[in-house]
Structure formats: structure tokens, C-alpha cells
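J.: Take this structure first; my questions come after.
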Amino acid sequence: MANIVSPLPGIFYRKPGPGKPPFANEGDTIEVGQTVGIVEIMKQFTEIQSDVAGILESFAVNEGDMVNPGDTIIVVREG
């Protein structure tokens with residue numbers, strides 16, 4: 001298992017905007033470099049990209065949760 005962590009503090013979002021589909025869902029195959037969420041701080045949005053390839057096992061935080069640098073956002077089963 002590998003963890004994708006937040007590089008900065010802010011609010012985590014799974015979708016690019018209201019009414020849009022999530023970047024990824026549990027059970028999805030993700031690739032290195034794929035955007036899996038965004039973190040917003042003071043109206044600036046930073047894409048969170050996977051640094052591993054595998055199956056998205058679970059989200060460690062919910063939509064709209066506050067995250068800090070180093071917090072695990074997503075757990076990936078490498079493979």
C-alpha cells in the first residue's frame with residue numbers, strides 16, 4: 001500500500017467543481033501523474049497528483065475536510 005499525501009494545508013475536494021464527477025473513485029485504476037483531487041487554500045487550487053500506479057483503495061479524508069501538509073489523503077494498492 002502507498003499513501004498519497006497533501007503537499008500543503010487547505011480544504012480537500014474530490015471534484016473539479018460543483019456538479020462535476022470526481023477525479024477518481026474507490027476501486028479505480030490510477031496512473032502516475034493522474035489528478036486525484038484538489039486542495040484549496042485562499043481561493044488557490046492545487047491539483048493533487050498520484051505518484052504511484054495502482055488501485056485506489058480508499059480516501060482517508062472526506063470531501064471538504066481540512067488537510068495539513070503530510071496528511072494522508074488517499075491509500076493506493078500498488079500494482
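Identifiers in the C-alpha cells: chain A, B, ... in order shown; residue index from 1 per chain; ligand index from 1 in order shown.
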Find the spatial neighbours of Gly10 of chain A, counting only C-alpha atoms, within a cut-off of 9 Å - ignore same-chain residues fewer than 4 positions away - and output them as an MDAnalysis selection string.

T.: chainID A and resid 6 39:42 65:69

J.: Any chance you could export the current selection's all heavy atoms as a PDB file, in the first residue's frame?

T.:
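So result_14.pdb came out as:
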ATOM      1  N   SER A   6      -1.069  15.165   1.254  1.00  0.00           N
ATOM      2  CA  SER A   6      -1.258  16.569   0.888  1.00  0.00           C
ATOM      3  C   SER A   6       0.080  17.300   0.970  1.00  0.00           C
ATOM      4  O   SER A   6       0.790  17.182   1.967  1.00  0.00           O
ATOM      5  CB  SER A   6      -2.259  17.239   1.823  1.00  0.00           C
ATOM      6  OG  SER A   6      -2.421  18.591   1.463  1.00  0.00           O
ATOM      7  N   VAL A  39      -6.603  20.607  -3.541  1.00  0.00           N
ATOM      8  CA  VAL A  39      -6.593  21.253  -2.236  1.00  0.00           C
ATOM      9  C   VAL A  39      -6.701  22.750  -2.485  1.00  0.00           C
ATOM     10  O   VAL A  39      -5.961  23.310  -3.297  1.00  0.00           O
ATOM     11  CB  VAL A  39      -5.308  20.910  -1.433  1.00  0.00           C
ATOM     12  CG1 VAL A  39      -5.218  21.746  -0.169  1.00  0.00           C
ATOM     13  CG2 VAL A  39      -5.280  19.430  -1.079  1.00  0.00           C
ATOM     14  N   GLU A  40      -7.643  23.373  -1.778  1.00  0.00           N
ATOM     15  CA  GLU A  40      -7.889  24.810  -1.940  1.00  0.00           C
ATOM     16  C   GLU A  40      -7.463  25.543  -0.690  1.00  0.00           C
ATOM     17  O   GLU A  40      -7.779  25.143   0.427  1.00  0.00           O
ATOM     18  CB  GLU A  40      -9.378  25.054  -2.211  1.00  0.00           C
ATOM     19  CG  GLU A  40      -9.732  26.510  -2.425  1.00  0.00           C
ATOM     20  CD  GLU A  40     -10.262  27.198  -1.192  1.00  0.00           C
ATOM     21  OE1 GLU A  40     -10.944  26.558  -0.377  1.00  0.00           O
ATOM     22  OE2 GLU A  40      -9.985  28.400  -1.043  1.00  0.00           O
ATOM     23  N   ILE A  41      -6.694  26.596  -0.887  1.00  0.00           N
ATOM     24  CA  ILE A  41      -6.333  27.479   0.216  1.00  0.00           C
ATOM     25  C   ILE A  41      -6.396  28.912  -0.305  1.00  0.00           C
ATOM     26  O   ILE A  41      -5.773  29.225  -1.327  1.00  0.00           O
ATOM     27  CB  ILE A  41      -4.953  27.140   0.821  1.00  0.00           C
ATOM     28  CG1 ILE A  41      -4.654  28.054   1.992  1.00  0.00           C
ATOM     29  CG2 ILE A  41      -3.851  27.175  -0.198  1.00  0.00           C
ATOM     30  CD1 ILE A  41      -3.502  27.616   2.871  1.00  0.00           C
ATOM     31  N   MET A  42      -7.225  29.714   0.325  1.00  0.00           N
ATOM     32  CA  MET A  42      -7.388  31.124  -0.043  1.00  0.00           C
ATOM     33  C   MET A  42      -7.675  31.306  -1.536  1.00  0.00           C
ATOM     34  O   MET A  42      -7.043  32.104  -2.226  1.00  0.00           O
ATOM     35  CB  MET A  42      -6.150  31.919   0.382  1.00  0.00           C
ATOM     36  CG  MET A  42      -5.949  31.934   1.885  1.00  0.00           C
ATOM     37  SD  MET A  42      -4.422  32.683   2.457  1.00  0.00           S
ATOM     38  CE  MET A  42      -4.527  34.296   1.720  1.00  0.00           C
ATOM     39  N   ASP A  65     -12.978  18.207   3.810  1.00  0.00           N
ATOM     40  CA  ASP A  65     -12.186  18.132   5.039  1.00  0.00           C
ATOM     41  C   ASP A  65     -10.942  19.005   4.941  1.00  0.00           C
ATOM     42  O   ASP A  65     -10.352  19.156   3.872  1.00  0.00           O
ATOM     43  CB  ASP A  65     -11.728  16.692   5.319  1.00  0.00           C
ATOM     44  CG  ASP A  65     -12.811  15.834   5.951  1.00  0.00           C
ATOM     45  OD1 ASP A  65     -13.912  16.346   6.219  1.00  0.00           O
ATOM     46  OD2 ASP A  65     -12.534  14.639   6.163  1.00  0.00           O
ATOM     47  N   MET A  66     -10.528  19.558   6.069  1.00  0.00           N
ATOM     48  CA  MET A  66      -9.283  20.309   6.169  1.00  0.00           C
ATOM     49  C   MET A  66      -8.120  19.311   6.226  1.00  0.00           C
ATOM     50  O   MET A  66      -8.203  18.289   6.916  1.00  0.00           O
ATOM     51  CB  MET A  66      -9.314  21.152   7.448  1.00  0.00           C
ATOM     52  CG  MET A  66      -8.177  22.077   7.596  1.00  0.00           C
ATOM     53  SD  MET A  66      -8.392  23.459   6.460  1.00  0.00           S
ATOM     54  CE  MET A  66      -6.841  24.274   6.696  1.00  0.00           C
ATOM     55  N   VAL A  67      -7.060  19.596   5.467  1.00  0.00           N
ATOM     56  CA  VAL A  67      -5.863  18.753   5.486  1.00  0.00           C
ATOM     57  C   VAL A  67      -4.645  19.618   5.785  1.00  0.00           C
ATOM     58  O   VAL A  67      -4.652  20.824   5.566  1.00  0.00           O
ATOM     59  CB  VAL A  67      -5.657  17.991   4.144  1.00  0.00           C
ATOM     60  CG1 VAL A  67      -6.758  16.994   3.910  1.00  0.00           C
ATOM     61  CG2 VAL A  67      -5.543  18.952   2.972  1.00  0.00           C
ATOM     62  N   ASN A  68      -3.611  18.979   6.284  1.00  0.00           N
ATOM     63  CA  ASN A  68      -2.342  19.634   6.567  1.00  0.00           C
ATOM     64  C   ASN A  68      -1.240  18.963   5.759  1.00  0.00           C
ATOM     65  O   ASN A  68      -1.400  17.823   5.312  1.00  0.00           O
ATOM     66  CB  ASN A  68      -2.020  19.540   8.072  1.00  0.00           C
ATOM     67  CG  ASN A  68      -2.973  20.384   8.889  1.00  0.00           C
ATOM     68  OD1 ASN A  68      -3.048  21.597   8.712  1.00  0.00           O
ATOM     69  ND2 ASN A  68      -3.725  19.743   9.767  1.00  0.00           N
ATOM     70  N   PRO A  69      -0.109  19.639   5.559  1.00  0.00           N
ATOM     71  CA  PRO A  69       0.984  19.011   4.817  1.00  0.00           C
ATOM     72  C   PRO A  69       1.369  17.675   5.446  1.00  0.00           C
ATOM     73  O   PRO A  69       1.512  17.567   6.655  1.00  0.00           O
ATOM     74  CB  PRO A  69       2.130  20.024   4.945  1.00  0.00           C
ATOM     75  CG  PRO A  69       1.464  21.329   5.214  1.00  0.00           C
ATOM     76  CD  PRO A  69       0.220  20.996   6.001  1.00  0.00           C
TER      77      PRO A  69
END

J.: Sorted by chain and rising residue number, list the residues of segment 43-64 of chain A at most 9 Å from segment 22-27 of chain A (counting only C-alpha atoms), each with its closest atom pair and distance in Å to one decimal, as JSON lines.

T.:
{"residue": "A:Ile55", "atom": "CA", "partner": "A:Gly27", "partner_atom": "CA", "distance": 5.8}
{"residue": "A:Leu56", "atom": "CA", "partner": "A:Glu26", "partner_atom": "CA", "distance": 5.1}
{"residue": "A:Glu57", "atom": "CA", "partner": "A:Glu26", "partner_atom": "CA", "distance": 5.6}
{"residue": "A:Ser58", "atom": "CA", "partner": "A:Glu26", "partner_atom": "CA", "distance": 5.6}
{"residue": "A:Phe59", "atom": "CA", "partner": "A:Glu26", "partner_atom": "CA", "distance": 7.4}

J.: Can you spit out the residues from that selection as a compact mmCIF listing (two decimals), in the first residue's frame, using N, CA, C and O atoms?

T.:
# COMPACT_ATOMS: atom_id res chain seq x y z
N ILE A 55 -4.50 0.60 -7.66
CA ILE A 55 -5.94 0.69 -7.44
C ILE A 55 -6.19 1.62 -6.26
O ILE A 55 -5.59 1.46 -5.20
N LEU A 56 -7.09 2.59 -6.45
CA LEU A 56 -7.45 3.49 -5.37
C LEU A 56 -8.24 2.68 -4.34
O LEU A 56 -9.35 2.26 -4.60
N GLU A 57 -7.61 2.44 -3.22
CA GLU A 57 -8.18 1.58 -2.17
C GLU A 57 -9.21 2.36 -1.34
O GLU A 57 -10.31 1.87 -1.12
N SER A 58 -8.83 3.55 -0.87
CA SER A 58 -9.75 4.32 -0.03
C SER A 58 -9.29 5.76 0.10
O SER A 58 -8.12 6.08 -0.14
N PHE A 59 -10.24 6.61 0.46
CA PHE A 59 -9.94 8.00 0.79
C PHE A 59 -9.79 8.11 2.30
O PHE A 59 -10.64 7.60 3.05

J.: Pick out the residues sitting within 12 Å of Gly79 of chain A, and hand them over as a compact mmCIF listing (two decimals) with C-alpha atoms, in the first residue's frame; count only C-alpha atoms, and ignore anything fewer than 2 positions along from it in its own chain.

T.:
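File written: around_4.txt
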# COMPACT_ATOMS: atom_id res chain seq x y z
CA MET A 1 0.00 0.00 0.00
CA ALA A 2 1.10 3.53 -0.72
CA THR A 29 -7.14 2.17 -11.52
CA ILE A 30 -4.94 5.25 -11.30
CA GLU A 31 -1.70 6.09 -13.08
CA VAL A 32 1.37 8.07 -12.04
CA VAL A 52 2.14 5.75 -7.71
CA ALA A 53 0.17 3.47 -10.04
CA GLY A 54 -2.40 1.01 -8.75
CA ILE A 55 -5.94 0.69 -7.44
CA LEU A 56 -7.45 3.49 -5.37
CA GLU A 57 -8.18 1.58 -2.17
CA VAL A 76 -3.40 3.13 -3.15
CA ARG A 77 -2.79 -0.59 -3.61

J.: Quick one: residues within 6 Å of Thr72 of chain A, only C-alpha atoms, excluding same-chain residues fewer than 4 positions away - as a JSON list (two decimals) with N, CA and C atoms, in the first residue's frame?

T.:
[["chain", "number", "residue", "atom", "x", "y", "z"],
["A", 3, "ASN", "N", 0.61, 5.69, 0.21],
["A", 3, "ASN", "CA", -0.24, 6.82, 0.57],
["A", 3, "ASN", "C", 0.04, 8.01, -0.33],
["A", 4, "ILE", "N", -1.01, 8.68, -0.76],
["A", 4, "ILE", "CA", -0.87, 9.97, -1.43],
["A", 4, "ILE", "C", -1.16, 11.01, -0.36],
["A", 5, "VAL", "N", -0.24, 11.93, -0.15],
["A", 5, "VAL", "CA", -0.35, 12.90, 0.93],
["A", 5, "VAL", "C", -0.54, 14.32, 0.39]]

J.: DSSP on the backbone: which residues in chain A end up as strand (DSSP E)? Give the answer as a ChimeraX atom specification.

T.: /A:2-5,10-13,29-30,35-41,44-49,54-59,66-67,72-78

J.: Store the residues picked out above in a file with N, CA, C and O atoms, as a short mmCIF file (atom, residue, chain, number, x, y, z; two decimals), in the first residue's frame.

T.:
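For reference, again_26.cif as written:
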data_model
loop_
_atom_site.label_atom_id
_atom_site.label_comp_id
_atom_site.auth_asym_id
_atom_site.auth_seq_id
_atom_site.Cartn_x
_atom_site.Cartn_y
_atom_site.Cartn_z
N ALA A 2 0.40 2.25 -0.68
CA ALA A 2 1.10 3.53 -0.72
C ALA A 2 0.11 4.63 -0.39
O ALA A 2 -1.08 4.51 -0.67
N ASN A 3 0.61 5.69 0.21
CA ASN A 3 -0.24 6.82 0.57
C ASN A 3 0.04 8.01 -0.33
O ASN A 3 1.20 8.31 -0.62
N ILE A 4 -1.01 8.68 -0.76
CA ILE A 4 -0.87 9.97 -1.43
C ILE A 4 -1.16 11.01 -0.36
O ILE A 4 -2.21 10.96 0.30
N VAL A 5 -0.24 11.93 -0.15
CA VAL A 5 -0.35 12.90 0.93
C VAL A 5 -0.54 14.32 0.39
O VAL A 5 -0.18 14.62 -0.75
N GLY A 10 -5.07 23.06 3.56
CA GLY A 10 -6.21 23.57 2.82
C GLY A 10 -7.39 22.63 2.94
O GLY A 10 -7.44 21.76 3.80
N ILE A 11 -8.36 22.83 2.04
CA ILE A 11 -9.56 22.01 2.02
C ILE A 11 -9.49 21.06 0.83
O ILE A 11 -9.21 21.49 -0.30
N PHE A 12 -9.72 19.77 1.09
CA PHE A 12 -9.62 18.75 0.05
C PHE A 12 -10.95 18.59 -0.67
O PHE A 12 -12.01 18.52 -0.04
N TYR A 13 -10.86 18.52 -2.00
CA TYR A 13 -12.04 18.26 -2.83
C TYR A 13 -11.74 17.11 -3.79
O TYR A 13 -10.66 17.05 -4.38
N THR A 29 -8.56 2.30 -11.23
CA THR A 29 -7.14 2.17 -11.52
C THR A 29 -6.60 3.57 -11.78
O THR A 29 -7.18 4.31 -12.57
N ILE A 30 -5.53 3.94 -11.09
CA ILE A 30 -4.94 5.25 -11.30
C ILE A 30 -3.50 5.09 -11.77
O ILE A 30 -2.83 4.10 -11.49
N THR A 35 -4.41 13.23 -11.82
CA THR A 35 -5.01 14.08 -10.79
C THR A 35 -6.07 13.28 -10.04
O THR A 35 -6.95 12.68 -10.66
N VAL A 36 -5.97 13.28 -8.70
CA VAL A 36 -6.91 12.50 -7.88
C VAL A 36 -7.73 13.39 -6.95
O VAL A 36 -8.62 12.92 -6.27
N GLY A 37 -7.42 14.68 -6.93
CA GLY A 37 -8.15 15.62 -6.09
C GLY A 37 -7.50 16.98 -6.15
O GLY A 37 -6.50 17.18 -6.85
N ILE A 38 -8.09 17.93 -5.43
CA ILE A 38 -7.50 19.27 -5.33
C ILE A 38 -7.55 19.74 -3.89
O ILE A 38 -8.39 19.30 -3.10
N VAL A 39 -6.60 20.61 -3.54
CA VAL A 39 -6.59 21.25 -2.24
C VAL A 39 -6.70 22.75 -2.49
O VAL A 39 -5.96 23.31 -3.30
N GLU A 40 -7.64 23.37 -1.78
CA GLU A 40 -7.89 24.81 -1.94
C GLU A 40 -7.46 25.54 -0.69
O GLU A 40 -7.78 25.14 0.43
N ILE A 41 -6.69 26.60 -0.89
CA ILE A 41 -6.33 27.48 0.22
C ILE A 41 -6.40 28.91 -0.31
O ILE A 41 -5.77 29.23 -1.33
N GLN A 44 -6.98 29.54 -4.01
CA GLN A 44 -6.00 28.96 -4.93
C GLN A 44 -6.13 27.44 -4.86
O GLN A 44 -6.13 26.86 -3.78
N PHE A 45 -6.26 26.85 -6.05
CA PHE A 45 -6.50 25.40 -6.13
C PHE A 45 -5.25 24.70 -6.65
O PHE A 45 -4.71 25.06 -7.68
N THR A 46 -4.81 23.68 -5.92
CA THR A 46 -3.64 22.90 -6.29
C THR A 46 -4.07 21.47 -6.56
O THR A 46 -4.70 20.84 -5.70
N GLU A 47 -3.76 20.99 -7.76
CA GLU A 47 -4.09 19.60 -8.09
C GLU A 47 -3.20 18.66 -7.31
O GLU A 47 -2.00 18.89 -7.18
N ILE A 48 -3.81 17.59 -6.81
CA ILE A 48 -3.07 16.52 -6.14
C ILE A 48 -2.93 15.39 -7.15
O ILE A 48 -3.94 14.87 -7.64
N GLN A 49 -1.70 15.05 -7.48
CA GLN A 49 -1.45 14.01 -8.48
C GLN A 49 -0.83 12.80 -7.82
O GLN A 49 -0.05 12.92 -6.88
N GLY A 54 -1.74 2.12 -9.43
CA GLY A 54 -2.40 1.01 -8.75
C GLY A 54 -3.89 1.23 -8.66
O GLY A 54 -4.47 1.96 -9.46
N ILE A 55 -4.50 0.60 -7.66
CA ILE A 55 -5.94 0.69 -7.44
C ILE A 55 -6.19 1.62 -6.26
O ILE A 55 -5.59 1.46 -5.20
N LEU A 56 -7.09 2.59 -6.45
CA LEU A 56 -7.45 3.49 -5.37
C LEU A 56 -8.24 2.68 -4.34
O LEU A 56 -9.35 2.26 -4.60
N GLU A 57 -7.61 2.44 -3.22
CA GLU A 57 -8.18 1.58 -2.17
C GLU A 57 -9.21 2.36 -1.34
O GLU A 57 -10.31 1.87 -1.12
N SER A 58 -8.83 3.55 -0.87
CA SER A 58 -9.75 4.32 -0.03
C SER A 58 -9.29 5.76 0.10
O SER A 58 -8.12 6.08 -0.14
N PHE A 59 -10.24 6.61 0.46
CA PHE A 59 -9.94 8.00 0.79
C PHE A 59 -9.79 8.11 2.30
O PHE A 59 -10.64 7.60 3.05
N MET A 66 -10.53 19.56 6.07
CA MET A 66 -9.28 20.31 6.17
C MET A 66 -8.12 19.31 6.23
O MET A 66 -8.20 18.29 6.92
N VAL A 67 -7.06 19.60 5.47
CA VAL A 67 -5.86 18.75 5.49
C VAL A 67 -4.64 19.62 5.78
O VAL A 67 -4.65 20.82 5.57
N THR A 72 -2.28 11.99 5.02
CA THR A 72 -2.69 11.02 4.01
C THR A 72 -4.06 11.39 3.49
O THR A 72 -4.99 11.61 4.28
N ILE A 73 -4.19 11.47 2.16
CA ILE A 73 -5.47 11.76 1.53
C ILE A 73 -6.07 10.49 0.93
O ILE A 73 -7.25 10.23 1.08
N ILE A 74 -5.22 9.70 0.26
CA ILE A 74 -5.68 8.52 -0.46
C ILE A 74 -4.72 7.37 -0.22
O ILE A 74 -3.50 7.55 -0.16
N VAL A 75 -5.29 6.16 -0.09
CA VAL A 75 -4.49 4.94 0.03
C VAL A 75 -4.60 4.19 -1.29
O VAL A 75 -5.71 3.97 -1.80
N VAL A 76 -3.45 3.81 -1.86
CA VAL A 76 -3.40 3.13 -3.15
C VAL A 76 -2.76 1.76 -2.96
O VAL A 76 -1.73 1.63 -2.30
N ARG A 77 -3.40 0.75 -3.56
CA ARG A 77 -2.79 -0.59 -3.61
C ARG A 77 -1.99 -0.65 -4.88
O ARG A 77 -2.54 -0.67 -5.97
N GLU A 78 -0.66 -0.64 -4.73
CA GLU A 78 0.21 -0.61 -5.91
C GLU A 78 0.12 -1.91 -6.69
O GLU A 78 -0.08 -2.98 -6.13
#
